[in-house]
$ cat model.cif   # mmCIF, N, CA and C atoms
data_final
loop_
_atom_site.group_PDB
_atom_site.id
_atom_site.type_symbol
_atom_site.label_atom_id
_atom_site.label_comp_id
_atom_site.auth_asym_id
_atom_site.auth_seq_id
_atom_site.Cartn_x
_atom_site.Cartn_y
_atom_site.Cartn_z
ATOM 1 N N MET N 1 9.633 47.209 -64.159
ATOM 2 C CA MET N 1 8.296 47.277 -63.566
ATOM 3 C C MET N 1 7.346 48.088 -64.440
ATOM 4 N N GLU N 2 7.893 49.048 -65.162
ATOM 5 C CA GLU N 2 7.045 49.865 -66.033
ATOM 6 C C GLU N 2 6.380 48.994 -67.102
ATOM 7 N N ASN N 3 7.139 48.058 -67.662
ATOM 8 C CA ASN N 3 6.578 47.201 -68.694
ATOM 9 C C ASN N 3 5.582 46.197 -68.127
ATOM 10 N N ILE N 4 5.765 45.805 -66.869
ATOM 11 C CA ILE N 4 4.768 44.939 -66.237
ATOM 12 C C ILE N 4 3.458 45.699 -66.087
ATOM 13 N N GLU N 5 3.540 46.968 -65.751
ATOM 14 C CA GLU N 5 2.335 47.803 -65.670
ATOM 15 C C GLU N 5 1.655 47.884 -67.034
ATOM 16 N N LYS N 6 2.452 47.964 -68.101
ATOM 17 C CA LYS N 6 1.887 47.968 -69.461
ATOM 18 C C LYS N 6 1.176 46.652 -69.758
ATOM 19 N N LEU N 7 1.741 45.540 -69.286
ATOM 20 C CA LEU N 7 1.092 44.237 -69.459
ATOM 21 C C LEU N 7 -0.243 44.216 -68.722
ATOM 22 N N LEU N 8 -0.248 44.673 -67.483
ATOM 23 C CA LEU N 8 -1.495 44.701 -66.710
ATOM 24 C C LEU N 8 -2.532 45.577 -67.394
ATOM 25 N N ASN N 9 -2.099 46.695 -67.957
ATOM 26 C CA ASN N 9 -3.017 47.568 -68.699
ATOM 27 C C ASN N 9 -3.549 46.877 -69.950
ATOM 28 N N ALA N 10 -2.706 46.081 -70.613
ATOM 29 C CA ALA N 10 -3.142 45.339 -71.805
ATOM 30 C C ALA N 10 -4.185 44.286 -71.434
ATOM 31 N N ILE N 11 -4.019 43.657 -70.283
ATOM 32 C CA ILE N 11 -4.997 42.676 -69.810
ATOM 33 C C ILE N 11 -6.343 43.358 -69.572
ATOM 34 N N VAL N 12 -6.311 44.493 -68.891
ATOM 35 C CA VAL N 12 -7.546 45.229 -68.604
ATOM 36 C C VAL N 12 -8.175 45.744 -69.903
ATOM 37 N N ALA N 13 -7.359 46.212 -70.838
ATOM 38 C CA ALA N 13 -7.882 46.695 -72.118
ATOM 39 C C ALA N 13 -8.581 45.573 -72.878
ATOM 40 N N ASP N 14 -8.024 44.369 -72.833
ATOM 41 C CA ASP N 14 -8.678 43.237 -73.492
ATOM 42 C C ASP N 14 -10.012 42.931 -72.815
ATOM 43 N N TYR N 15 -10.054 43.024 -71.495
ATOM 44 C CA TYR N 15 -11.320 42.810 -70.782
ATOM 45 C C TYR N 15 -12.338 43.884 -71.157
ATOM 46 N N ALA N 16 -11.881 45.106 -71.327
ATOM 47 C CA ALA N 16 -12.779 46.203 -71.696
ATOM 48 C C ALA N 16 -13.395 45.969 -73.081
ATOM 49 N N ARG N 17 -12.672 45.297 -73.971
ATOM 50 C CA ARG N 17 -13.244 44.947 -75.277
ATOM 51 C C ARG N 17 -14.319 43.873 -75.129
ATOM 52 N N TYR N 18 -14.161 43.026 -74.111
ATOM 53 C CA TYR N 18 -15.125 41.955 -73.843
ATOM 54 C C TYR N 18 -16.363 42.504 -73.141
ATOM 55 N N SER N 19 -16.161 43.313 -72.120
ATOM 56 C CA SER N 19 -17.262 43.847 -71.327
ATOM 57 C C SER N 19 -17.337 45.358 -71.505
ATOM 58 N N LYS N 20 -18.434 45.813 -71.975
ATOM 59 C CA LYS N 20 -18.620 47.265 -72.182
ATOM 60 C C LYS N 20 -19.096 47.967 -70.910
ATOM 61 N N ASP N 21 -19.368 47.207 -69.843
ATOM 62 C CA ASP N 21 -19.833 47.757 -68.571
ATOM 63 C C ASP N 21 -18.648 48.393 -67.836
ATOM 64 N N VAL N 22 -18.666 49.698 -67.695
ATOM 65 C CA VAL N 22 -17.566 50.453 -67.091
ATOM 66 C C VAL N 22 -17.307 50.006 -65.651
ATOM 67 N N ASP N 23 -18.359 49.736 -64.893
ATOM 68 C CA ASP N 23 -18.181 49.316 -63.501
ATOM 69 C C ASP N 23 -17.503 47.948 -63.408
ATOM 70 N N ARG N 24 -17.866 47.040 -64.308
ATOM 71 C CA ARG N 24 -17.234 45.710 -64.313
ATOM 72 C C ARG N 24 -15.759 45.815 -64.689
ATOM 73 N N VAL N 25 -15.434 46.671 -65.641
ATOM 74 C CA VAL N 25 -14.041 46.864 -66.052
ATOM 75 C C VAL N 25 -13.240 47.440 -64.889
ATOM 76 N N LYS N 26 -13.809 48.389 -64.177
ATOM 77 C CA LYS N 26 -13.132 48.984 -63.022
ATOM 78 C C LYS N 26 -12.890 47.931 -61.940
ATOM 79 N N THR N 27 -13.895 47.117 -61.662
ATOM 80 C CA THR N 27 -13.766 46.051 -60.672
ATOM 81 C C THR N 27 -12.702 45.048 -61.101
ATOM 82 N N PHE N 28 -12.698 44.670 -62.373
ATOM 83 C CA PHE N 28 -11.697 43.734 -62.891
ATOM 84 C C PHE N 28 -10.297 44.321 -62.736
ATOM 85 N N SER N 29 -10.144 45.591 -63.059
ATOM 86 C CA SER N 29 -8.849 46.271 -62.966
ATOM 87 C C SER N 29 -8.323 46.268 -61.533
ATOM 88 N N GLU N 30 -9.193 46.498 -60.577
ATOM 89 C CA GLU N 30 -8.794 46.536 -59.171
ATOM 90 C C GLU N 30 -8.524 45.142 -58.605
ATOM 91 N N ASP N 31 -9.001 44.119 -59.293
ATOM 92 C CA ASP N 31 -8.894 42.737 -58.831
ATOM 93 C C ASP N 31 -7.537 42.095 -59.162
ATOM 94 N N ILE N 32 -6.817 42.649 -60.135
ATOM 95 C CA ILE N 32 -5.549 42.064 -60.574
ATOM 96 C C ILE N 32 -4.427 42.455 -59.621
ATOM 97 N N GLN N 33 -3.633 41.447 -59.224
ATOM 98 C CA GLN N 33 -2.517 41.673 -58.319
ATOM 99 C C GLN N 33 -1.254 41.020 -58.864
ATOM 100 N N LEU N 34 -0.127 41.570 -58.498
ATOM 101 C CA LEU N 34 1.171 41.042 -58.888
ATOM 102 C C LEU N 34 1.897 40.565 -57.629
ATOM 103 N N LEU N 35 2.284 39.301 -57.627
ATOM 104 C CA LEU N 35 3.013 38.724 -56.498
ATOM 105 C C LEU N 35 4.405 38.333 -56.970
ATOM 106 N N LYS N 36 5.431 38.627 -56.162
ATOM 107 C CA LYS N 36 6.798 38.294 -56.547
ATOM 108 C C LYS N 36 7.260 37.045 -55.823
ATOM 109 N N GLY N 37 7.775 36.099 -56.603
ATOM 110 C CA GLY N 37 8.357 34.889 -56.044
ATOM 111 C C GLY N 37 9.848 34.869 -56.317
ATOM 112 N N LYS N 38 10.484 33.718 -56.128
ATOM 113 C CA LYS N 38 11.922 33.597 -56.358
ATOM 114 C C LYS N 38 12.261 33.601 -57.848
ATOM 115 N N LYS N 39 11.470 32.883 -58.641
ATOM 116 C CA LYS N 39 11.757 32.742 -60.069
ATOM 117 C C LYS N 39 10.800 33.514 -60.961
ATOM 118 N N TYR N 40 9.589 33.791 -60.455
ATOM 119 C CA TYR N 40 8.551 34.376 -61.295
ATOM 120 C C TYR N 40 7.768 35.451 -60.552
ATOM 121 N N TYR N 41 7.255 36.383 -61.328
ATOM 122 C CA TYR N 41 6.155 37.210 -60.849
ATOM 123 C C TYR N 41 4.903 36.425 -61.198
ATOM 124 N N LYS N 42 3.940 36.413 -60.302
ATOM 125 C CA LYS N 42 2.676 35.734 -60.566
ATOM 126 C C LYS N 42 1.585 36.790 -60.630
ATOM 127 N N ILE N 43 0.807 36.760 -61.688
ATOM 128 C CA ILE N 43 -0.327 37.671 -61.833
ATOM 129 C C ILE N 43 -1.572 36.897 -61.442
ATOM 130 N N VAL N 44 -2.245 37.393 -60.408
ATOM 131 C CA VAL N 44 -3.432 36.715 -59.880
ATOM 132 C C VAL N 44 -4.606 37.684 -59.821
ATOM 133 N N ARG N 45 -5.778 37.097 -59.695
ATOM 134 C CA ARG N 45 -6.977 37.886 -59.408
ATOM 135 C C ARG N 45 -7.295 37.668 -57.940
ATOM 136 N N ALA N 46 -7.530 38.737 -57.219
ATOM 137 C CA ALA N 46 -7.811 38.641 -55.789
ATOM 138 C C ALA N 46 -9.048 37.777 -55.536
ATOM 139 N N SER N 47 -9.965 37.761 -56.485
ATOM 140 C CA SER N 47 -11.174 36.956 -56.338
ATOM 141 C C SER N 47 -10.910 35.481 -56.613
ATOM 142 N N GLY N 48 -9.694 35.147 -57.050
ATOM 143 C CA GLY N 48 -9.319 33.754 -57.275
ATOM 144 C C GLY N 48 -8.809 33.514 -58.681
ATOM 145 N N GLY N 49 -7.820 32.694 -58.796
ATOM 146 C CA GLY N 49 -7.282 32.304 -60.092
ATOM 147 C C GLY N 49 -5.966 32.979 -60.425
ATOM 148 N N VAL N 50 -5.185 32.271 -61.216
ATOM 149 C CA VAL N 50 -3.895 32.779 -61.675
ATOM 150 C C VAL N 50 -4.023 33.140 -63.146
ATOM 151 N N TRP N 51 -3.608 34.358 -63.511
ATOM 152 C CA TRP N 51 -3.621 34.760 -64.915
ATOM 153 C C TRP N 51 -2.410 34.174 -65.638
ATOM 154 N N GLY N 52 -1.235 34.275 -65.021
ATOM 155 C CA GLY N 52 -0.012 33.770 -65.641
ATOM 156 C C GLY N 52 1.209 34.165 -64.833
ATOM 157 N N PHE N 53 2.369 33.919 -65.413
ATOM 158 C CA PHE N 53 3.644 34.159 -64.742
ATOM 159 C C PHE N 53 4.570 34.956 -65.651
ATOM 160 N N ILE N 54 5.513 35.671 -65.034
ATOM 161 C CA ILE N 54 6.563 36.384 -65.770
ATOM 162 C C ILE N 54 7.904 35.904 -65.227
ATOM 163 N N GLN N 55 8.748 35.440 -66.112
ATOM 164 C CA GLN N 55 10.085 34.958 -65.749
ATOM 165 C C GLN N 55 10.913 36.132 -65.219
ATOM 166 N N ILE N 56 11.535 36.003 -64.047
ATOM 167 C CA ILE N 56 12.324 37.091 -63.466
ATOM 168 C C ILE N 56 13.736 37.134 -64.040
ATOM 169 N N LYS N 57 14.408 35.969 -64.091
ATOM 170 C CA LYS N 57 15.783 35.911 -64.589
ATOM 171 C C LYS N 57 15.881 34.871 -65.705
ATOM 172 N N ASN N 58 16.903 35.028 -66.526
ATOM 173 C CA ASN N 58 17.168 34.027 -67.554
ATOM 174 C C ASN N 58 17.422 32.669 -66.904
ATOM 175 N N ASP N 59 16.947 31.609 -67.548
ATOM 176 C CA ASP N 59 17.328 30.265 -67.153
ATOM 177 C C ASP N 59 17.681 29.483 -68.411
ATOM 178 N N ASN N 60 17.768 28.173 -68.324
ATOM 179 C CA ASN N 60 18.206 27.394 -69.482
ATOM 180 C C ASN N 60 17.178 27.326 -70.607
ATOM 181 N N LYS N 61 15.928 27.739 -70.353
ATOM 182 C CA LYS N 61 14.889 27.668 -71.391
ATOM 183 C C LYS N 61 14.255 29.015 -71.709
ATOM 184 N N PHE N 62 14.106 29.880 -70.723
ATOM 185 C CA PHE N 62 13.403 31.148 -70.914
ATOM 186 C C PHE N 62 14.279 32.326 -70.522
ATOM 187 N N LYS N 63 13.972 33.474 -71.109
ATOM 188 C CA LYS N 63 14.714 34.686 -70.767
ATOM 189 C C LYS N 63 13.868 35.576 -69.858
ATOM 190 N N ALA N 64 14.523 36.479 -69.198
ATOM 191 C CA ALA N 64 13.839 37.400 -68.292
ATOM 192 C C ALA N 64 12.738 38.141 -69.049
ATOM 193 N N GLY N 65 11.574 38.236 -68.427
ATOM 194 C CA GLY N 65 10.452 38.948 -69.021
ATOM 195 C C GLY N 65 9.495 38.073 -69.803
ATOM 196 N N ASP N 66 9.844 36.801 -70.028
ATOM 197 C CA ASP N 66 8.943 35.924 -70.769
ATOM 198 C C ASP N 66 7.639 35.730 -69.999
ATOM 199 N N ILE N 67 6.532 35.767 -70.733
ATOM 200 C CA ILE N 67 5.199 35.573 -70.171
ATOM 201 C C ILE N 67 4.850 34.098 -70.336
ATOM 202 N N LEU N 68 4.490 33.453 -69.221
ATOM 203 C CA LEU N 68 4.175 32.032 -69.232
ATOM 204 C C LEU N 68 2.743 31.795 -68.759
ATOM 205 N N LYS N 69 2.080 30.880 -69.415
ATOM 206 C CA LYS N 69 0.736 30.472 -69.034
ATOM 207 C C LYS N 69 0.797 29.740 -67.700
ATOM 208 N N ALA N 70 -0.270 29.800 -66.940
ATOM 209 C CA ALA N 70 -0.329 29.077 -65.673
ATOM 210 C C ALA N 70 -0.690 27.619 -65.927
ATOM 211 N N ALA N 71 0.070 26.715 -65.323
ATOM 212 C CA ALA N 71 -0.265 25.288 -65.356
ATOM 213 C C ALA N 71 -1.063 24.936 -64.105
ATOM 214 N N GLY N 72 -0.922 25.737 -63.090
ATOM 215 C CA GLY N 72 -1.621 25.549 -61.826
ATOM 216 C C GLY N 72 -1.397 26.788 -60.972
ATOM 217 N N TRP N 73 -1.853 26.731 -59.740
ATOM 218 C CA TRP N 73 -1.735 27.899 -58.862
ATOM 219 C C TRP N 73 -0.280 28.306 -58.651
ATOM 220 N N ALA N 74 0.616 27.354 -58.510
ATOM 221 C CA ALA N 74 1.997 27.672 -58.169
ATOM 222 C C ALA N 74 2.996 27.383 -59.282
ATOM 223 N N THR N 75 2.524 26.924 -60.431
ATOM 224 C CA THR N 75 3.438 26.463 -61.475
ATOM 225 C C THR N 75 3.073 27.018 -62.849
ATOM 226 N N PRO N 76 4.069 27.555 -63.565
ATOM 227 C CA PRO N 76 3.806 27.978 -64.946
ATOM 228 C C PRO N 76 3.955 26.797 -65.910
ATOM 229 N N ALA N 77 3.301 26.914 -67.042
ATOM 230 C CA ALA N 77 3.510 25.955 -68.125
ATOM 231 C C ALA N 77 4.818 26.353 -68.804
ATOM 232 N N ARG N 78 5.767 25.456 -68.845
ATOM 233 C CA ARG N 78 7.099 25.780 -69.368
ATOM 234 C C ARG N 78 7.319 25.224 -70.770
ATOM 235 N N ASN N 79 6.236 25.141 -71.557
ATOM 236 C CA ASN N 79 6.398 24.646 -72.921
ATOM 237 C C ASN N 79 6.886 25.729 -73.875
ATOM 238 N N PHE N 80 6.312 26.930 -73.829
ATOM 239 C CA PHE N 80 6.797 28.044 -74.635
ATOM 240 C C PHE N 80 6.280 29.358 -74.059
ATOM 241 N N ALA N 81 6.997 30.429 -74.348
ATOM 242 C CA ALA N 81 6.619 31.765 -73.869
ATOM 243 C C ALA N 81 5.458 32.303 -74.692
ATOM 244 N N ARG N 82 4.575 33.035 -74.058
ATOM 245 C CA ARG N 82 3.421 33.638 -74.725
ATOM 246 C C ARG N 82 3.665 35.104 -75.068
ATOM 247 N N GLY N 83 4.840 35.602 -74.814
ATOM 248 C CA GLY N 83 5.204 36.990 -75.063
ATOM 249 C C GLY N 83 6.362 37.357 -74.152
ATOM 250 N N ASN N 84 6.698 38.639 -74.128
ATOM 251 C CA ASN N 84 7.794 39.100 -73.282
ATOM 252 C C ASN N 84 7.528 40.543 -72.879
ATOM 253 N N VAL N 85 7.565 40.811 -71.571
ATOM 254 C CA VAL N 85 7.265 42.161 -71.100
ATOM 255 C C VAL N 85 8.383 43.146 -71.413
ATOM 256 N N ILE N 86 9.627 42.693 -71.430
ATOM 257 C CA ILE N 86 10.744 43.592 -71.726
ATOM 258 C C ILE N 86 10.665 44.075 -73.170
ATOM 259 N N GLU N 87 10.295 43.167 -74.068
ATOM 260 C CA GLU N 87 10.166 43.507 -75.489
ATOM 261 C C GLU N 87 8.791 44.102 -75.821
ATOM 262 N N GLU N 88 7.919 44.220 -74.801
ATOM 263 C CA GLU N 88 6.544 44.703 -74.958
ATOM 264 C C GLU N 88 5.789 43.896 -76.013
ATOM 265 N N ASN N 89 5.985 42.592 -75.981
ATOM 266 C CA ASN N 89 5.301 41.672 -76.880
ATOM 267 C C ASN N 89 4.093 41.109 -76.140
ATOM 268 N N PHE N 90 2.934 41.736 -76.353
ATOM 269 C CA PHE N 90 1.710 41.348 -75.664
ATOM 270 C C PHE N 90 0.664 40.799 -76.637
ATOM 271 N N GLN N 91 1.067 40.351 -77.817
ATOM 272 C CA GLN N 91 0.110 39.956 -78.847
ATOM 273 C C GLN N 91 -0.753 38.767 -78.434
ATOM 274 N N ASN N 92 -0.280 37.902 -77.539
ATOM 275 C CA ASN N 92 -1.066 36.757 -77.090
ATOM 276 C C ASN N 92 -1.757 37.001 -75.761
ATOM 277 N N VAL N 93 -1.816 38.247 -75.332
ATOM 278 C CA VAL N 93 -2.423 38.581 -74.049
ATOM 279 C C VAL N 93 -3.939 38.660 -74.199
ATOM 280 N N ARG N 94 -4.621 37.889 -73.384
ATOM 281 C CA ARG N 94 -6.074 37.938 -73.295
ATOM 282 C C ARG N 94 -6.421 38.088 -71.819
ATOM 283 N N TRP N 95 -7.573 38.620 -71.533
ATOM 284 C CA TRP N 95 -7.945 38.831 -70.143
ATOM 285 C C TRP N 95 -8.123 37.503 -69.409
ATOM 286 N N THR N 96 -8.347 36.424 -70.151
ATOM 287 C CA THR N 96 -8.557 35.125 -69.532
ATOM 288 C C THR N 96 -7.250 34.434 -69.150
ATOM 289 N N GLY N 97 -6.127 34.854 -69.703
ATOM 290 C CA GLY N 97 -4.842 34.262 -69.369
ATOM 291 C C GLY N 97 -3.830 34.419 -70.491
ATOM 292 N N ALA N 98 -2.618 34.032 -70.191
ATOM 293 C CA ALA N 98 -1.538 34.161 -71.173
ATOM 294 C C ALA N 98 -1.709 33.146 -72.284
#
$ encode --input "model.cif" --output "structure tokens"
Amino acid sequence: MENIEKLLNAIVADYARYSKDVDRVKTFSEDIQLLKGKKYYKIVRASGGVWGFIQIKNDNKFKAGDILKAAGWATPARNFARGNVIEENFQNVRWTGA
């Protein structure tokens, strides 16, 4: 969970580079939520939209901690991982999505 918090901080930091308005950055930071499902953690914005997914357990294609782009509200894009929270690989993290 500590590394997921680091991912959320990286998302907010990327937004802070985009928007220099301190109040907007604070609002954006408070808007991000983490929801736990059976296979994935889902990162959402309370105001609407899915940022991406984090693989909970290893499966036949992805390992635990892999960051996946959202294909839709309930489904990740399973073509390739965009990083890994366990390895603290956040190089493809943008505030707009994985």
$ residues_around --input "model.cif" --residues "Lys42 of chain N" --least-positions-apart "6" --cutoff "5 Å" --atoms "only N, CA and C atoms" --output "PDB file with N, CA and C atoms, in the frame of the given file"
ATOM      1  N   LEU N  34      -0.127  41.570 -58.498  1.00  0.00           N
ATOM      2  CA  LEU N  34       1.171  41.042 -58.888  1.00  0.00           C
ATOM      3  C   LEU N  34       1.897  40.565 -57.629  1.00  0.00           C
ATOM      4  N   LEU N  35       2.284  39.301 -57.627  1.00  0.00           N
ATOM      5  CA  LEU N  35       3.013  38.724 -56.498  1.00  0.00           C
ATOM      6  C   LEU N  35       4.405  38.333 -56.970  1.00  0.00           C
ATOM      7  N   LYS N  36       5.431  38.627 -56.162  1.00  0.00           N
ATOM      8  CA  LYS N  36       6.798  38.294 -56.547  1.00  0.00           C
ATOM      9  C   LYS N  36       7.260  37.045 -55.823  1.00  0.00           C
ATOM     10  N   GLY N  52      -1.235  34.275 -65.021  1.00  0.00           N
ATOM     11  CA  GLY N  52      -0.012  33.770 -65.641  1.00  0.00           C
ATOM     12  C   GLY N  52       1.209  34.165 -64.833  1.00  0.00           C
ATOM     13  N   PHE N  53       2.369  33.919 -65.413  1.00  0.00           N
ATOM     14  CA  PHE N  53       3.644  34.159 -64.742  1.00  0.00           C
ATOM     15  C   PHE N  53       4.570  34.956 -65.651  1.00  0.00           C
TER      16      PHE N  53
END
$ residues_around --input "model.cif" --residues "segment 68-72 of chain N" --least-positions-apart "3" --cutoff "5 Å" --atoms "only N, CA and C atoms" --output "list in words"
Gly52, Phe53, Ile54, Thr75, Pro76, Ala77, Arg82 and Ala98 of chain N
$ resolve_selection --input "model.cif" --expression "the PyMOL selection byres ((chain N and resi 56) around 6.5)" --output "VMD selection string"
chain N and resid 39 to 41 54 to 55 57 to 58 63 to 66
$ residues_around --input "model.cif" --residues "Val44 of chain N" --least-positions-apart "4" --cutoff "6.5 Å" --atoms "only N, CA and C atoms" --output "list in words"
Asp31, Ile32, Gln33, Leu34, Leu35, Gly48, Gly49, Val50, Trp51 and Gly52 of chain N
$ closest_residue --input "model.cif" --among "N:Asn60, N:Asn79, N:Arg24, N:Ala10" --to "Trp95 of chain N" --atoms "only N, CA and C atoms"
N:Ala10
$ select_by_dssp --input "model.cif" --residues "chain N" --states "alpha helix (DSSP H)" --output "PyMOL selection string"
chain N and resi 2-18+22-31
$ decode --input "model.cif" --residues "segment 12-43 of chain N" --atoms "N, CA and C atoms" --output "PDB file, in the first residue's frame"
ATOM      1  N   VAL N  12      -0.337  13.165  -8.721  1.00  0.00           N
ATOM      2  CA  VAL N  12      -0.586  14.543  -8.288  1.00  0.00           C
ATOM      3  C   VAL N  12       0.598  15.442  -8.659  1.00  0.00           C
ATOM      4  N   ALA N  13       1.818  14.942  -8.516  1.00  0.00           N
ATOM      5  CA  ALA N  13       3.000  15.729  -8.877  1.00  0.00           C
ATOM      6  C   ALA N  13       2.997  16.064 -10.365  1.00  0.00           C
ATOM      7  N   ASP N  14       2.583  15.118 -11.200  1.00  0.00           N
ATOM      8  CA  ASP N  14       2.500  15.397 -12.634  1.00  0.00           C
ATOM      9  C   ASP N  14       1.440  16.463 -12.904  1.00  0.00           C
ATOM     10  N   TYR N  15       0.327  16.400 -12.191  1.00  0.00           N
ATOM     11  CA  TYR N  15      -0.708  17.431 -12.349  1.00  0.00           C
ATOM     12  C   TYR N  15      -0.184  18.793 -11.903  1.00  0.00           C
ATOM     13  N   ALA N  16       0.606  18.814 -10.851  1.00  0.00           N
ATOM     14  CA  ALA N  16       1.165  20.072 -10.352  1.00  0.00           C
ATOM     15  C   ALA N  16       2.106  20.705 -11.385  1.00  0.00           C
ATOM     16  N   ARG N  17       2.774  19.887 -12.192  1.00  0.00           N
ATOM     17  CA  ARG N  17       3.607  20.430 -13.272  1.00  0.00           C
ATOM     18  C   ARG N  17       2.741  21.039 -14.373  1.00  0.00           C
ATOM     19  N   TYR N  18       1.537  20.491 -14.538  1.00  0.00           N
ATOM     20  CA  TYR N  18       0.598  20.985 -15.549  1.00  0.00           C
ATOM     21  C   TYR N  18      -0.092  22.259 -15.069  1.00  0.00           C
ATOM     22  N   SER N  19      -0.577  22.250 -13.843  1.00  0.00           N
ATOM     23  CA  SER N  19      -1.317  23.381 -13.296  1.00  0.00           C
ATOM     24  C   SER N  19      -0.534  23.999 -12.146  1.00  0.00           C
ATOM     25  N   LYS N  20      -0.212  25.228 -12.282  1.00  0.00           N
ATOM     26  CA  LYS N  20       0.543  25.931 -11.224  1.00  0.00           C
ATOM     27  C   LYS N  20      -0.380  26.491 -10.140  1.00  0.00           C
ATOM     28  N   ASP N  21      -1.699  26.369 -10.320  1.00  0.00           N
ATOM     29  CA  ASP N  21      -2.684  26.864  -9.361  1.00  0.00           C
ATOM     30  C   ASP N  21      -2.743  25.910  -8.163  1.00  0.00           C
ATOM     31  N   VAL N  22      -2.309  26.370  -7.013  1.00  0.00           N
ATOM     32  CA  VAL N  22      -2.225  25.549  -5.802  1.00  0.00           C
ATOM     33  C   VAL N  22      -3.597  25.004  -5.402  1.00  0.00           C
ATOM     34  N   ASP N  23      -4.640  25.811  -5.528  1.00  0.00           N
ATOM     35  CA  ASP N  23      -5.980  25.356  -5.150  1.00  0.00           C
ATOM     36  C   ASP N  23      -6.474  24.236  -6.066  1.00  0.00           C
ATOM     37  N   ARG N  24      -6.177  24.347  -7.358  1.00  0.00           N
ATOM     38  CA  ARG N  24      -6.582  23.293  -8.302  1.00  0.00           C
ATOM     39  C   ARG N  24      -5.833  21.995  -8.016  1.00  0.00           C
ATOM     40  N   VAL N  25      -4.557  22.090  -7.686  1.00  0.00           N
ATOM     41  CA  VAL N  25      -3.761  20.903  -7.365  1.00  0.00           C
ATOM     42  C   VAL N  25      -4.315  20.240  -6.107  1.00  0.00           C
ATOM     43  N   LYS N  26      -4.670  21.030  -5.116  1.00  0.00           N
ATOM     44  CA  LYS N  26      -5.240  20.490  -3.880  1.00  0.00           C
ATOM     45  C   LYS N  26      -6.567  19.785  -4.163  1.00  0.00           C
ATOM     46  N   THR N  27      -7.416  20.407  -4.966  1.00  0.00           N
ATOM     47  CA  THR N  27      -8.697  19.812  -5.334  1.00  0.00           C
ATOM     48  C   THR N  27      -8.483  18.513  -6.103  1.00  0.00           C
ATOM     49  N   PHE N  28      -7.543  18.507  -7.040  1.00  0.00           N
ATOM     50  CA  PHE N  28      -7.240  17.299  -7.812  1.00  0.00           C
ATOM     51  C   PHE N  28      -6.763  16.186  -6.883  1.00  0.00           C
ATOM     52  N   SER N  29      -5.898  16.523  -5.946  1.00  0.00           N
ATOM     53  CA  SER N  29      -5.354  15.547  -4.997  1.00  0.00           C
ATOM     54  C   SER N  29      -6.461  14.909  -4.161  1.00  0.00           C
ATOM     55  N   GLU N  30      -7.413  15.702  -3.728  1.00  0.00           N
ATOM     56  CA  GLU N  30      -8.512  15.200  -2.903  1.00  0.00           C
ATOM     57  C   GLU N  30      -9.532  14.402  -3.716  1.00  0.00           C
ATOM     58  N   ASP N  31      -9.497  14.558  -5.028  1.00  0.00           N
ATOM     59  CA  ASP N  31     -10.463  13.927  -5.924  1.00  0.00           C
ATOM     60  C   ASP N  31     -10.104  12.472  -6.268  1.00  0.00           C
ATOM     61  N   ILE N  32      -8.839  12.095  -6.097  1.00  0.00           N
ATOM     62  CA  ILE N  32      -8.384  10.755  -6.469  1.00  0.00           C
ATOM     63  C   ILE N  32      -8.754   9.750  -5.386  1.00  0.00           C
ATOM     64  N   GLN N  33      -9.326   8.617  -5.824  1.00  0.00           N
ATOM     65  CA  GLN N  33      -9.727   7.565  -4.902  1.00  0.00           C
ATOM     66  C   GLN N  33      -9.211   6.215  -5.385  1.00  0.00           C
ATOM     67  N   LEU N  34      -9.001   5.322  -4.455  1.00  0.00           N
ATOM     68  CA  LEU N  34      -8.557   3.968  -4.748  1.00  0.00           C
ATOM     69  C   LEU N  34      -9.666   2.996  -4.340  1.00  0.00           C
ATOM     70  N   LEU N  35     -10.111   2.193  -5.290  1.00  0.00           N
ATOM     71  CA  LEU N  35     -11.149   1.196  -5.028  1.00  0.00           C
ATOM     72  C   LEU N  35     -10.551  -0.188  -5.222  1.00  0.00           C
ATOM     73  N   LYS N  36     -10.861  -1.123  -4.315  1.00  0.00           N
ATOM     74  CA  LYS N  36     -10.319  -2.473  -4.426  1.00  0.00           C
ATOM     75  C   LYS N  36     -11.364  -3.415  -4.991  1.00  0.00           C
ATOM     76  N   GLY N  37     -10.963  -4.146  -6.027  1.00  0.00           N
ATOM     77  CA  GLY N  37     -11.817  -5.170  -6.608  1.00  0.00           C
ATOM     78  C   GLY N  37     -11.206  -6.537  -6.372  1.00  0.00           C
ATOM     79  N   LYS N  38     -11.701  -7.552  -7.072  1.00  0.00           N
ATOM     80  CA  LYS N  38     -11.184  -8.910  -6.911  1.00  0.00           C
ATOM     81  C   LYS N  38      -9.806  -9.072  -7.549  1.00  0.00           C
ATOM     82  N   LYS N  39      -9.630  -8.506  -8.741  1.00  0.00           N
ATOM     83  CA  LYS N  39      -8.381  -8.677  -9.484  1.00  0.00           C
ATOM     84  C   LYS N  39      -7.524  -7.424  -9.526  1.00  0.00           C
ATOM     85  N   TYR N  40      -8.153  -6.251  -9.363  1.00  0.00           N
ATOM     86  CA  TYR N  40      -7.441  -4.994  -9.557  1.00  0.00           C
ATOM     87  C   TYR N  40      -7.824  -3.964  -8.501  1.00  0.00           C
ATOM     88  N   TYR N  41      -6.884  -3.080  -8.240  1.00  0.00           N
ATOM     89  CA  TYR N  41      -7.226  -1.815  -7.603  1.00  0.00           C
ATOM     90  C   TYR N  41      -7.582  -0.890  -8.753  1.00  0.00           C
ATOM     91  N   LYS N  42      -8.610  -0.089  -8.574  1.00  0.00           N
ATOM     92  CA  LYS N  42      -8.998   0.876  -9.597  1.00  0.00           C
ATOM     93  C   LYS N  42      -8.769   2.270  -9.032  1.00  0.00           C
ATOM     94  N   ILE N  43      -8.066   3.091  -9.777  1.00  0.00           N
ATOM     95  CA  ILE N  43      -7.840   4.481  -9.385  1.00  0.00           C
ATOM     96  C   ILE N  43      -8.831   5.328 -10.161  1.00  0.00           C
TER      97      ILE N  43
END
